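Engineer: Below is a structure I'd like to ask you about.
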Amino acid sequence: MPLRTRRFQHVRRARYDLLFALIIILAFVWRLIPLLERGAPTGADWANDLVVGHSFLGTTVGNQGITYPPLIPLLLALLNTFIPIAILTSLIAASAAVSPYVGVYLALRSFGPKLAWIIAPLPLLIASSSSEMMAFGGAPQLIANGCLPIVIVSAALLFEHPTKRRAIAFSISFFLLAASSHLVLGQTFVALACLLIIEAALHLKGFLTKVRQSALYFALGLVPLLLLVPIYVSLIPQLGFGQTIGATGDSSPISRLGFLTREDKPLWYICLFLSILVAYLVVSYRHTRIGIYLRAALSTLITALLFLLFTSDIRFSYLLPTGICFSLGLVAYLVTHQPASAWVHRMNILIVIAFLGSVLIQFSSASSLLTRQINFYGTLTVSSLDLRALNYIKSNTPRNSLFAVTSVTQGYNPVGWWVEGYSERPALVQGNSSFLFYASQKKDSRIATDIFGSFPSTAAFKIARDYKVNYLVIFRDWAQYNAVSTENFTQSHPSLVVYSNADILIVKVPHGP
């Protein structure tokens with residue numbers, strides 16, 4: 001390549017990278033502001049990550065019988081020492097929400113500096129599906145969704161022409177993915193299998209030769225995953241794969257697709273239709289360098305569609321927007337860079353303008369949804385997590401005290417995980433059993449439900465004593481909360497009340513006569 005051309009490529013790449021960085025910063029701030037304004041973390045998953053993070057650091061408050069991939073739990077447990085939990089979770093959540101877009105851009109960027117890599121995936125950057133995961137604490141899955149395109153492209157390049165550099169890229173991206181989310185790790189293995197099938201179908205004659213040449217590099221690239229084996233050995237048997245968790249009452253593929261694309265269905269359906277064209281382009285460009293990227297994108301899209309069609313759990317469908325935008329970027333590039341007349345070029349410009357206009361419409365709808373999503377999953381209020389109630393528990397109760405904690409109205413959310421994760425006290429946490437994966441969590445939830453089934457009453461305290469519970473934590477936003485009977489109880493037994501505010505009541509369980 002001539003020196004002048006190389007310099008032009010570097011300048012163009014730098015300009016695109018700066019534009020990309022500016023867009024990422026704006027999207028990050030857009031999501032960060034409403035998170036910080038709320039003043040408290042959203043959802044209960046962050047607290048569960050804290051529980052696991054403390055366990056990794058050897059400071060666990062008991063045997064909860066759960067484990068997760070370590071990236072987010074360790075970040076939370078380590079950084080919470082220096083950063084307040086509300087700010088920390090907001091920073092991680094807003095960063096994770098842009099990860100899928102970042103992953104698609106970085107995966108395609110290795111092909112060369114192209115404006116299409118920035119423009120085409122824009123719907124993914126502001127997607128309501130990314131905001132949904134962010135709001136309920138799904139930062140690990142968002143990060144893993146961002147890593148997946150990089151893993152698949154690295155694998156496709158390594159398979160085509162194995163080098164140490166490509167093996168390192170594959171190894172690092174795959175390790176980060178596996179250290180983030182076990183849900184996406186399973187999808188990644190399916191995508192890699194799809195990639196091999198496509199490679200075999202398109203290049204059957206040289207397929208076995210490529211396998212032999214790249215096998216050692218792939219094996220070396222997978223070595224870092226051995227560090228995660230103990231975690232996954234403990235994790236996999238605990239998962240409840242037979243469970244169904246739907247975001248809507250109807251768990252059909254059509255309803256899940258509608259839920260994922262609800263901020264702008266026409267735009268997303270057009271993007272889905274165009275992204276499917278990648279299957280045709282894979283055949284047309286199978287002998288070119290961009291064909292490697294097309295095969296990676298098609299593998300990701302097929303995997304996303306398979307999980308949408310054949311799994312009823314909505315969490316496995318969140319890969320679809322990533323798969324669509326990954327494929328759309330390549331389709332857009334190839335369509336707009338074909339030799340054509342001036343009239344066709346003008347039409348391409350009009351299409352790009354119309355696309356950007358649609359993205360602006362999507363942004364308006366997604367902004368409204370973002371606020372609603374944060375409020376929907378924001379089960380903790382500022383008053384219950386402003387270093388008063390939970391810090392009171394942390395500072396004024398023995399470390400081995402056992403708590404029983406009610407859920408809150410919104411979906412019977414297991415908000416009591418914050419007692420375990422933030423206050424570092426073992427707890428029997430009530431929650432919706434259909435949202436609980438682990439056997440230990442289900443068992444604890446049943447016990448807590450038995451205790452609070454007749455609260456406040458002598459029977460409730462008897463059950464609590466039988467399970468050696470020391471304190472009961474009742475959220476006033478609990479579905480079965482009875483304000484009148486609870487008020488009568490606290491007035492009749494003031495010595496049992498240890499903490500009370502507008503959101504929460506903490507009473508001790510008498511273990512004497």
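For the structure tokens, the naming scheme is as follows: chains receive sequential letters (A, B, ...) according to their order of presentation, residues are indexed from 1 within each chain, and ligands are indexed from 1 in presentation order.
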When DSSP works through the backbone of this structure, what residues of stretch 331-432 of chain A end up as helix (DSSP H, G or I), shown as a VMD selection string?
Structural biologist: chain A and resid 331 to 336 342 to 377 389 to 396 410 to 412 417 to 421
Engineer: Leaving out A:Arg256 and any residue of its chain fewer than 3 positions from it, which residues lie within 8 Å of it when counting only C-alpha atoms, given as a PyMOL selection string?
Structural biologist: chain A and resi 247-248+251-253+259-260+308+314+317
Engineer: Wanna dump the stretch 207-277 of chain A-stretch 67-72 of chain A contacts at 9 Å for me, each residue with its shortest atom pair and the distance in Å to one decimal, counting only C-alpha atoms, ordered by chain and number, as a Markdown table?
Structural biologist:
| residue | atom | partner | partner_atom | distance |
| --- | --- | --- | --- | --- |
| A:Leu228 | CA | A:Pro69 | CA | 7.7 |
| A:Ile231 | CA | A:Pro69 | CA | 6.8 |
| A:Tyr232 | CA | A:Pro69 | CA | 7.6 |
| A:Ser234 | CA | A:Thr67 | CA | 7.1 |
| A:Leu235 | CA | A:Thr67 | CA | 5.9 |
| A:Gln238 | CA | A:Thr67 | CA | 8.8 |
Engineer: Using atom CA of A:Ser130 and atom CA of A:Leu305 as the two end points, give the distance in Å to one decimal.
Structural biologist: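 Between atom CA of A:Ser130 and atom CA of A:Leu305 the gap is 17.3 Å.
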Engineer: I want to know what sits within 12 Å of A:Arg372, based on only C-alpha atoms, with residues of the same chain fewer than 3 positions away left out; could you give that as a PyMOL selection string?
Structural biologist: chain A and resi 34-35+38+42+128+131-132+135-136+365-369+375-378
Engineer: Give me, please, the distance in Å between atom CA of A:Ile198 and atom CA of A:Cys147, quoted to one decimal.
Structural biologist: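 Interatomic distance, atom CA of A:Ile198 to atom CA of A:Cys147: 21.0 Å.
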Engineer: Any chance you could tabulate, as a Markdown table, the residues of stretch 301-378 of chain A at most 10 Å from stretch 177-192 of chain A with each one's nearest atom pair and distance in Å to one decimal, using only C-alpha atoms, in chain and rising number order?
Structural biologist:
| residue | atom | partner | partner_atom | distance |
| --- | --- | --- | --- | --- |
| A:Leu301 | CA | A:Ala191 | CA | 8.5 |
| A:Ile302 | CA | A:Ala191 | CA | 7.6 |
| A:Thr303 | CA | A:Ala191 | CA | 5.5 |
| A:Ala304 | CA | A:Gln187 | CA | 8.0 |
| A:Leu306 | CA | A:Val190 | CA | 9.4 |
| A:Phe307 | CA | A:Gln187 | CA | 8.1 |
| A:Arg315 | CA | A:Leu183 | CA | 8.2 |
| A:Phe316 | CA | A:Leu183 | CA | 7.2 |
| A:Tyr318 | CA | A:Val184 | CA | 9.6 |
| A:Leu319 | CA | A:Val184 | CA | 8.2 |
Engineer: Write the selection just made, keeping N, CA, C and O atoms, as a compact mmCIF listing (two decimals), in the first residue's frame?
Structural biologist:
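So part-v4.txt came out as:
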# COMPACT_ATOMS: atom_id res chain seq x y z
N LEU A 301 -26.46 -13.85 13.91
CA LEU A 301 -27.88 -13.63 13.63
C LEU A 301 -28.67 -14.93 13.74
O LEU A 301 -29.77 -14.96 14.31
N ILE A 302 -28.14 -16.02 13.19
CA ILE A 302 -28.82 -17.32 13.28
C ILE A 302 -28.99 -17.72 14.73
O ILE A 302 -30.06 -18.19 15.16
N THR A 303 -27.93 -17.55 15.53
CA THR A 303 -28.00 -17.90 16.96
C THR A 303 -29.08 -17.09 17.66
O THR A 303 -29.89 -17.64 18.43
N ALA A 304 -29.12 -15.79 17.39
CA ALA A 304 -30.13 -14.93 18.03
C ALA A 304 -31.53 -15.37 17.64
O ALA A 304 -32.44 -15.42 18.49
N LEU A 306 -32.49 -18.38 16.62
CA LEU A 306 -32.78 -19.70 17.21
C LEU A 306 -33.24 -19.56 18.65
O LEU A 306 -34.21 -20.21 19.08
N PHE A 307 -32.56 -18.71 19.42
CA PHE A 307 -32.95 -18.53 20.82
C PHE A 307 -34.28 -17.80 20.93
O PHE A 307 -35.04 -18.03 21.87
N ARG A 315 -34.79 -13.53 28.52
CA ARG A 315 -33.40 -13.12 28.68
C ARG A 315 -32.50 -13.68 27.59
O ARG A 315 -31.46 -13.12 27.28
N PHE A 316 -32.89 -14.81 26.99
CA PHE A 316 -32.09 -15.37 25.90
C PHE A 316 -32.39 -14.68 24.57
O PHE A 316 -31.72 -14.97 23.57
N TYR A 318 -32.39 -11.29 24.21
CA TYR A 318 -31.77 -9.97 24.15
C TYR A 318 -30.57 -9.91 23.21
O TYR A 318 -30.04 -8.83 22.94
N LEU A 319 -30.13 -11.05 22.70
CA LEU A 319 -29.03 -11.05 21.73
C LEU A 319 -29.50 -10.58 20.35
O LEU A 319 -28.69 -10.14 19.54
Engineer: Looking at A:Val408, A:Ile451, A:Ala77, A:Ala460, which one is nearest to A:Asp477, with distances taken over only C-alpha atoms?
Structural biologist: A:Val408
Engineer: Measuring between only C-alpha atoms, which one of A:Ile85, A:Ala200, A:Ala155, A:Leu277 shows the shortest distance to A:Gly221?
Structural biologist: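 Using only C-alpha atoms, the shortest distance to A:Gly221 belongs to A:Ala155.
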Engineer: Rank A:Leu115, A:Val29, A:Ala120, A:Ala389 by their smallest atom-to-atom distance to A:Arg12, using only C-alpha atoms, and report the top residue only.
Structural biologist: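 Checking each candidate against A:Arg12, we get A:Leu115 as the closest.
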Engineer: For A:Tyr467, which residue out of A:Gln373, A:Thr322, A:Ser401, A:Thr300 is the nearest one, using only C-alpha atoms?
Structural biologist: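 Of all the options, A:Ser401 lies closest to A:Tyr467.
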Engineer: Given only C-alpha atoms as the basis, pick out the residue of A:Leu472, A:Leu428, A:Leu257, A:Ile23 nearest to A:Ser500.
Structural biologist: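 That would be A:Leu472, the residue with the smallest distance to A:Ser500.
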Engineer: Which residue, A:Ser445, A:Val283, A:Ser457, A:Phe403, has the smallest gap to A:Lys508 when you use only C-alpha atoms?
Structural biologist: A:Phe403
Engineer: Name all residues at most 9 Å from A:Gln362 (count only C-alpha atoms; drop same-chain ones fewer than 3 positions away) and give them as a PyMOL selection string.
Structural biologist: chain A and resi 123+126-127+263-264+267+357-359+365-367
Engineer: So which residues of stretch 383-513 of chain A fall under strand (DSSP E or B) by DSSP, listed as a PyMOL selection string?
Structural biologist: chain A and resi 403-405+408+413+427-429+471-475+497-500+504-508
Engineer: Can you work out the spacing between atom CA of A:Phe28 and atom CA of A:Cys271 in Å, to one decimal?
Structural biologist: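 Separating atom CA of A:Phe28 from atom CA of A:Cys271 is a distance of 23.4 Å.
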Engineer: What's the 12 Å shell around A:Thr397, counting only C-alpha atoms, without same-chain residues fewer than 5 positions away, as a list in words?
Structural biologist: Ala389, Leu390, Asn391, Tyr392, Leu402, Phe403, Val419, Ser423, Glu424, Arg425, Pro426, Asn470, Tyr471, Val498, Tyr499, Ile506, Val507 and Lys508 of chain A
Engineer: Could those residues be written to a file, using C-alpha atoms, as a PDB file, in the first residue's frame?
Structural biologist:
ATOM      1  CA  ALA A 389     -31.790   1.615  57.017  1.00  0.00           C
ATOM      2  CA  LEU A 390     -29.199  -0.677  55.469  1.00  0.00           C
ATOM      3  CA  ASN A 391     -26.298   1.020  57.208  1.00  0.00           C
ATOM      4  CA  TYR A 392     -28.218   0.724  60.469  1.00  0.00           C
ATOM      5  CA  LEU A 402     -30.263 -13.893  60.463  1.00  0.00           C
ATOM      6  CA  PHE A 403     -32.850 -11.669  58.748  1.00  0.00           C
ATOM      7  CA  VAL A 419     -29.494  -6.970  53.226  1.00  0.00           C
ATOM      8  CA  SER A 423     -25.455  -4.806  54.828  1.00  0.00           C
ATOM      9  CA  GLU A 424     -23.566  -8.129  54.752  1.00  0.00           C
ATOM     10  CA  ARG A 425     -26.034 -10.070  56.886  1.00  0.00           C
ATOM     11  CA  PRO A 426     -27.435 -13.512  56.022  1.00  0.00           C
ATOM     12  CA  ASN A 470     -33.251 -12.698  64.604  1.00  0.00           C
ATOM     13  CA  TYR A 471     -34.866  -9.810  62.717  1.00  0.00           C
ATOM     14  CA  VAL A 498     -35.517  -1.419  66.089  1.00  0.00           C
ATOM     15  CA  TYR A 499     -35.898   0.777  62.998  1.00  0.00           C
ATOM     16  CA  ILE A 506     -37.342  -3.662  61.186  1.00  0.00           C
ATOM     17  CA  VAL A 507     -38.412  -5.652  64.235  1.00  0.00           C
ATOM     18  CA  LYS A 508     -36.454  -8.109  66.312  1.00  0.00           C
TER      19      LYS A 508
END
Engineer: May I have the residues within 12 Å of A:Leu19 as number ranges by chain, using only C-alpha atoms and disregarding those fewer than 3 positions away in the same chain?
Structural biologist: A: 12-16, 22-26, 105, 113-115, 117-119
Engineer: Mind checking which residues fall within 9 Å of A:Ala93, counting only C-alpha atoms, ignoring those fewer than 2 positions away in the same chain, and posting them as a compact mmCIF listing (two decimals) with all heavy atoms, in the first residue's frame?
Structural biologist:
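As written to disk, part.txt reads:
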# COMPACT_ATOMS: atom_id res chain seq x y z
N ARG A 31 -27.92 7.87 29.51
CA ARG A 31 -28.45 6.87 30.45
C ARG A 31 -28.00 7.13 31.88
O ARG A 31 -28.70 6.79 32.84
CB ARG A 31 -28.00 5.47 30.02
CG ARG A 31 -28.76 4.94 28.80
CD ARG A 31 -28.53 3.45 28.65
NE ARG A 31 -29.36 2.88 27.61
CZ ARG A 31 -28.96 2.65 26.35
NH1 ARG A 31 -27.73 3.00 26.00
NH2 ARG A 31 -29.77 2.11 25.47
N LEU A 32 -26.82 7.72 32.05
CA LEU A 32 -26.29 7.94 33.40
C LEU A 32 -27.12 8.95 34.18
O LEU A 32 -27.36 8.77 35.39
CB LEU A 32 -24.84 8.39 33.31
CG LEU A 32 -24.13 8.66 34.65
CD1 LEU A 32 -24.01 7.38 35.45
CD2 LEU A 32 -22.76 9.28 34.41
N LEU A 35 -30.19 7.65 35.97
CA LEU A 35 -29.78 6.70 37.00
C LEU A 35 -29.29 7.44 38.25
O LEU A 35 -29.64 7.09 39.37
CB LEU A 35 -28.67 5.79 36.46
CG LEU A 35 -29.09 4.72 35.45
CD1 LEU A 35 -27.85 4.07 34.83
CD2 LEU A 35 -29.96 3.65 36.11
N LEU A 88 -21.77 3.91 41.95
CA LEU A 88 -21.03 2.80 41.33
C LEU A 88 -21.92 2.02 40.38
O LEU A 88 -21.54 1.74 39.23
CB LEU A 88 -20.47 1.89 42.41
CG LEU A 88 -19.72 0.65 41.94
CD1 LEU A 88 -18.54 1.02 41.05
CD2 LEU A 88 -19.25 -0.18 43.14
N THR A 89 -23.10 1.63 40.84
CA THR A 89 -24.00 0.85 39.97
C THR A 89 -24.45 1.67 38.77
O THR A 89 -24.61 1.12 37.67
CB THR A 89 -25.23 0.36 40.75
OG1 THR A 89 -25.88 1.47 41.37
CG2 THR A 89 -24.83 -0.64 41.82
N SER A 90 -24.63 2.97 38.94
CA SER A 90 -25.03 3.81 37.81
C SER A 90 -23.93 3.88 36.76
O SER A 90 -24.20 3.80 35.55
CB SER A 90 -25.37 5.22 38.31
OG SER A 90 -26.47 5.21 39.18
N LEU A 91 -22.68 4.03 37.21
CA LEU A 91 -21.56 4.09 36.27
C LEU A 91 -21.40 2.79 35.51
O LEU A 91 -21.21 2.78 34.28
CB LEU A 91 -20.27 4.42 37.03
CG LEU A 91 -20.14 5.84 37.58
CD1 LEU A 91 -18.91 5.94 38.48
CD2 LEU A 91 -20.07 6.86 36.46
N SER A 95 -22.25 2.26 31.45
CA SER A 95 -21.15 1.77 30.62
C SER A 95 -21.54 0.47 29.92
O SER A 95 -21.27 0.29 28.72
CB SER A 95 -19.90 1.53 31.48
OG SER A 95 -19.48 2.71 32.12
N ALA A 96 -22.16 -0.43 30.66
CA ALA A 96 -22.55 -1.72 30.09
C ALA A 96 -23.59 -1.55 28.98
O ALA A 96 -23.62 -2.30 28.01
CB ALA A 96 -23.09 -2.63 31.18
N ALA A 97 -24.46 -0.54 29.12
CA ALA A 97 -25.54 -0.36 28.15
C ALA A 97 -25.03 -0.01 26.76
O ALA A 97 -25.71 -0.28 25.76
CB ALA A 97 -26.50 0.72 28.64
N MET A 133 -32.22 -4.27 30.12
CA MET A 133 -31.21 -5.05 30.83
C MET A 133 -30.47 -4.19 31.85
O MET A 133 -30.21 -4.62 32.97
CB MET A 133 -30.22 -5.66 29.84
CG MET A 133 -30.74 -6.87 29.10
SD MET A 133 -29.46 -7.69 28.11
CE MET A 133 -29.43 -6.61 26.69
N MET A 134 -30.14 -2.97 31.45
CA MET A 134 -29.44 -2.07 32.35
C MET A 134 -30.27 -1.78 33.59
O MET A 134 -29.77 -1.79 34.72
CB MET A 134 -29.15 -0.75 31.63
CG MET A 134 -28.44 0.30 32.47
SD MET A 134 -28.50 1.95 31.75
CE MET A 134 -30.20 2.41 32.13
N ALA A 135 -31.58 -1.56 33.42
CA ALA A 135 -32.45 -1.15 34.52
C ALA A 135 -32.64 -2.27 35.54
O ALA A 135 -32.76 -2.00 36.73
CB ALA A 135 -33.80 -0.69 33.98
N GLY A 137 -30.47 -4.56 36.21
CA GLY A 137 -29.18 -5.01 36.73
C GLY A 137 -28.48 -6.01 35.84
O GLY A 137 -27.60 -6.75 36.30
N GLY A 138 -28.83 -6.04 34.56
CA GLY A 138 -28.25 -7.02 33.63
C GLY A 138 -26.96 -6.57 32.98
O GLY A 138 -26.70 -6.89 31.82
N ALA A 139 -26.13 -5.84 33.72
CA ALA A 139 -24.85 -5.38 33.17
C ALA A 139 -23.98 -6.53 32.68
O ALA A 139 -23.34 -6.41 31.63
CB ALA A 139 -24.10 -4.55 34.21
N LEU A 142 -25.13 -7.49 29.21
CA LEU A 142 -24.84 -6.43 28.24
C LEU A 142 -23.37 -6.46 27.82
O LEU A 142 -23.04 -6.35 26.64
CB LEU A 142 -25.17 -5.07 28.86
CG LEU A 142 -26.65 -4.69 28.90
CD1 LEU A 142 -26.87 -3.52 29.84
CD2 LEU A 142 -27.16 -4.35 27.50
